[in-house]
Each structure stands twice: as C-alpha cells, then as structure tokens.
Amino acid sequence: MHRTWFTGNFAYSRMIRRHFDIGLDDGLVTPWLVPGVSACRGSRPEDCPAPDLAALARHGFAIRFEIEPREWESTKILAIVYPEGQRRRLEPARHFGPIMDAIRTQAVARYGPDVGHPGVQTARHESGTPHPESSPLPVAPDFAALARRWLTDENS
C-alpha cells in the first residue's frame, strides 16, 4: 500500500492513512481490507471485539487501570485530557476517546478529510493538495507486484 497508506522506505516511513476505529463507539474494531486485491474480492472485514474489563465485574472484581506515559510525546498527550496540566496518568476508558478525536482532527488537518478511509486513491500533503509522489492504485493490483514496486522505488 506504498504511496496509498504510507510513503517512504523501511528505515523511515510516513503514515498517510490512519485507522481510527478502536471500538469505543460499538465495542467492535472493524479492520481495513486492502482495496483492490483480486484474491479478496467480495470479502468483508470481520469485526473484532474491543477488550474491556466487564468480565471482572461479573465475578465481583473491580479494577482501575491507569497509564503513565513516558515517551517524548507524553506532554502533548496529557494536555489533550488535562489542559491545566494537573495529572500525569491516563485512564484508557475515559481518555482514549478524546485522545483519538484529537489525533483524528490533526490527521485531517494535515492529510485531508480522506485520511481515515482505506480506499482513497491518492495521498495528500499537509496542505491538503495531492502528494506529488502519489500514484493511483490499479483497479486490481497484483500484491506481489506491488511489493516488488515498493522494494525498488528508491526504498532499498
């Protein structure tokens, strides 16, 4: 999916598509299918249940799960849910929704409104204009040919 879902090479790649479904809306994560793969024509994605802690409650247990981010982006992540900077830990059940909304908003601003859709034909610059390196995806690509092209297009 080079130039459609990402650009760059093995050592440095830039993601231009984002899959935002983490199951917060319906409890299911619906994966993307690679568009145009002839062997998968007519296939439908299989929903996967998003993990939760409901099973514990059925057995009389309660749990509070917190994450203390320590990566270089932690200040930006924490600022999304704690604008006053008052806390240093995330509660996934409470905070992942607003964090994903912020990531989605930033990705749309950078790559355009189609960033969250797998089958869009061209990549976009941060300005929203078509990326000069992007190329339309063939109607029914040969996956092996796409892999060879990715490995030879200034990527090795």
# chains A, B, ... in the order shown; residues from 1 in each chain; ligands from 1
$ select_by_dssp --residues "segment 33-64 of chain A" --states "alpha helix (DSSP H)" --output "MDAnalysis selection string"
chainID A and resid 54:58
$ write_last_selection --atoms "N, CA and C atoms" --output "PDB file, in the first residue's frame"
ATOM      1  N   ALA A  54     -15.310  -5.805  31.563  1.00  0.00           N
ATOM      2  CA  ALA A  54     -16.644  -6.176  32.037  1.00  0.00           C
ATOM      3  C   ALA A  54     -16.666  -7.565  32.672  1.00  0.00           C
ATOM      4  N   ALA A  55     -15.843  -8.475  32.191  1.00  0.00           N
ATOM      5  CA  ALA A  55     -15.836  -9.834  32.745  1.00  0.00           C
ATOM      6  C   ALA A  55     -15.456  -9.824  34.221  1.00  0.00           C
ATOM      7  N   LEU A  56     -14.604  -8.909  34.617  1.00  0.00           N
ATOM      8  CA  LEU A  56     -14.215  -8.831  36.027  1.00  0.00           C
ATOM      9  C   LEU A  56     -15.406  -8.478  36.914  1.00  0.00           C
ATOM     10  N   ALA A  57     -16.216  -7.522  36.460  1.00  0.00           N
ATOM     11  CA  ALA A  57     -17.381  -7.089  37.244  1.00  0.00           C
ATOM     12  C   ALA A  57     -18.364  -8.238  37.448  1.00  0.00           C
ATOM     13  N   ARG A  58     -18.500  -9.104  36.455  1.00  0.00           N
ATOM     14  CA  ARG A  58     -19.415 -10.247  36.583  1.00  0.00           C
ATOM     15  C   ARG A  58     -18.964 -11.216  37.678  1.00  0.00           C
TER      16      ARG A  58
END
$ residues_around --residues "segment 79-95 of chain A" --least-positions-apart "3" --cutoff "9 Å" --atoms "only C-alpha atoms" --output "list in words"
Leu24, Asp52, Arg64, Phe65, Glu66, Ile67, Glu68, Pro69, Ser74, Thr75, Lys76, Pro98, Ile99, Met100 and Ala102 of chain A
$ write_last_selection --atoms "N, CA and C atoms" --output "PDB file, in the first residue's frame"
ATOM      1  N   LEU A  24     -14.572   2.167  20.528  1.00  0.00           N
ATOM      2  CA  LEU A  24     -15.266   2.949  21.551  1.00  0.00           C
ATOM      3  C   LEU A  24     -16.736   3.182  21.232  1.00  0.00           C
ATOM      4  N   ASP A  52     -12.325  -5.258  27.034  1.00  0.00           N
ATOM      5  CA  ASP A  52     -12.860  -4.438  28.125  1.00  0.00           C
ATOM      6  C   ASP A  52     -12.707  -5.219  29.431  1.00  0.00           C
ATOM      7  N   ARG A  64      -9.122  -0.481  38.342  1.00  0.00           N
ATOM      8  CA  ARG A  64      -8.901   0.848  37.775  1.00  0.00           C
ATOM      9  C   ARG A  64      -7.541   0.791  37.102  1.00  0.00           C
ATOM     10  N   PHE A  65      -7.557   0.976  35.815  1.00  0.00           N
ATOM     11  CA  PHE A  65      -6.354   0.847  35.010  1.00  0.00           C
ATOM     12  C   PHE A  65      -5.880   2.239  34.619  1.00  0.00           C
ATOM     13  N   GLU A  66      -4.624   2.566  34.920  1.00  0.00           N
ATOM     14  CA  GLU A  66      -4.048   3.861  34.568  1.00  0.00           C
ATOM     15  C   GLU A  66      -2.732   3.655  33.827  1.00  0.00           C
ATOM     16  N   ILE A  67      -2.431   4.611  32.970  1.00  0.00           N
ATOM     17  CA  ILE A  67      -1.175   4.595  32.220  1.00  0.00           C
ATOM     18  C   ILE A  67      -0.446   5.903  32.503  1.00  0.00           C
ATOM     19  N   GLU A  68       0.817   5.800  32.834  1.00  0.00           N
ATOM     20  CA  GLU A  68       1.647   6.986  32.996  1.00  0.00           C
ATOM     21  C   GLU A  68       2.567   7.065  31.774  1.00  0.00           C
ATOM     22  N   PRO A  69       2.210   7.911  30.803  1.00  0.00           N
ATOM     23  CA  PRO A  69       3.026   7.966  29.583  1.00  0.00           C
ATOM     24  C   PRO A  69       4.407   8.552  29.872  1.00  0.00           C
ATOM     25  N   SER A  74       4.549  12.568  25.589  1.00  0.00           N
ATOM     26  CA  SER A  74       3.646  12.471  26.741  1.00  0.00           C
ATOM     27  C   SER A  74       3.028  13.810  27.132  1.00  0.00           C
ATOM     28  N   THR A  75       3.774  14.898  27.061  1.00  0.00           N
ATOM     29  CA  THR A  75       3.225  16.206  27.432  1.00  0.00           C
ATOM     30  C   THR A  75       2.071  16.589  26.518  1.00  0.00           C
ATOM     31  N   LYS A  76       2.227  16.346  25.214  1.00  0.00           N
ATOM     32  CA  LYS A  76       1.158  16.656  24.258  1.00  0.00           C
ATOM     33  C   LYS A  76      -0.067  15.778  24.501  1.00  0.00           C
ATOM     34  N   PRO A  98     -11.220  10.989  23.749  1.00  0.00           N
ATOM     35  CA  PRO A  98     -10.757  12.347  23.437  1.00  0.00           C
ATOM     36  C   PRO A  98      -9.382  12.385  22.778  1.00  0.00           C
ATOM     37  N   ILE A  99      -8.490  11.479  23.164  1.00  0.00           N
ATOM     38  CA  ILE A  99      -7.164  11.449  22.536  1.00  0.00           C
ATOM     39  C   ILE A  99      -7.296  11.074  21.065  1.00  0.00           C
ATOM     40  N   MET A 100      -8.102  10.042  20.762  1.00  0.00           N
ATOM     41  CA  MET A 100      -8.295   9.648  19.360  1.00  0.00           C
ATOM     42  C   MET A 100      -8.973  10.755  18.560  1.00  0.00           C
ATOM     43  N   ALA A 102      -8.607  13.959  19.039  1.00  0.00           N
ATOM     44  CA  ALA A 102      -7.563  14.952  18.767  1.00  0.00           C
ATOM     45  C   ALA A 102      -6.622  14.471  17.664  1.00  0.00           C
TER      46      ALA A 102
END
$ atom_distance --atom1 "atom CA of Cys48 of chain A" --atom2 "atom CA of Pro31 of chain A"
8.0 Å
$ residues_around --residues "Ala50 of chain A" --least-positions-apart "3" --cutoff "12 Å" --atoms "only C-alpha atoms" --output "list of chain:residue names"
A:Asp21, A:Ile22, A:Gly23, A:Leu24, A:Asp25, A:Asp26, A:Gly27, A:Leu28, A:Val29, A:Thr30, A:Pro31, A:Asp47, A:Leu53, A:Ala54, A:Ala93
$ atom_distance --atom1 "atom CA of Met15 of chain A" --atom2 "atom CA of Leu33 of chain A"
16.5 Å
$ closest_residue --among "A:Pro118, A:Ile16, A:Phe10, A:Ile77" --to "Asp101 of chain A" --atoms "only C-alpha atoms"
A:Ile77
$ atom_distance --atom1 "atom CA of Gly97 of chain A" --atom2 "atom CA of Pro45 of chain A"
22.6 Å
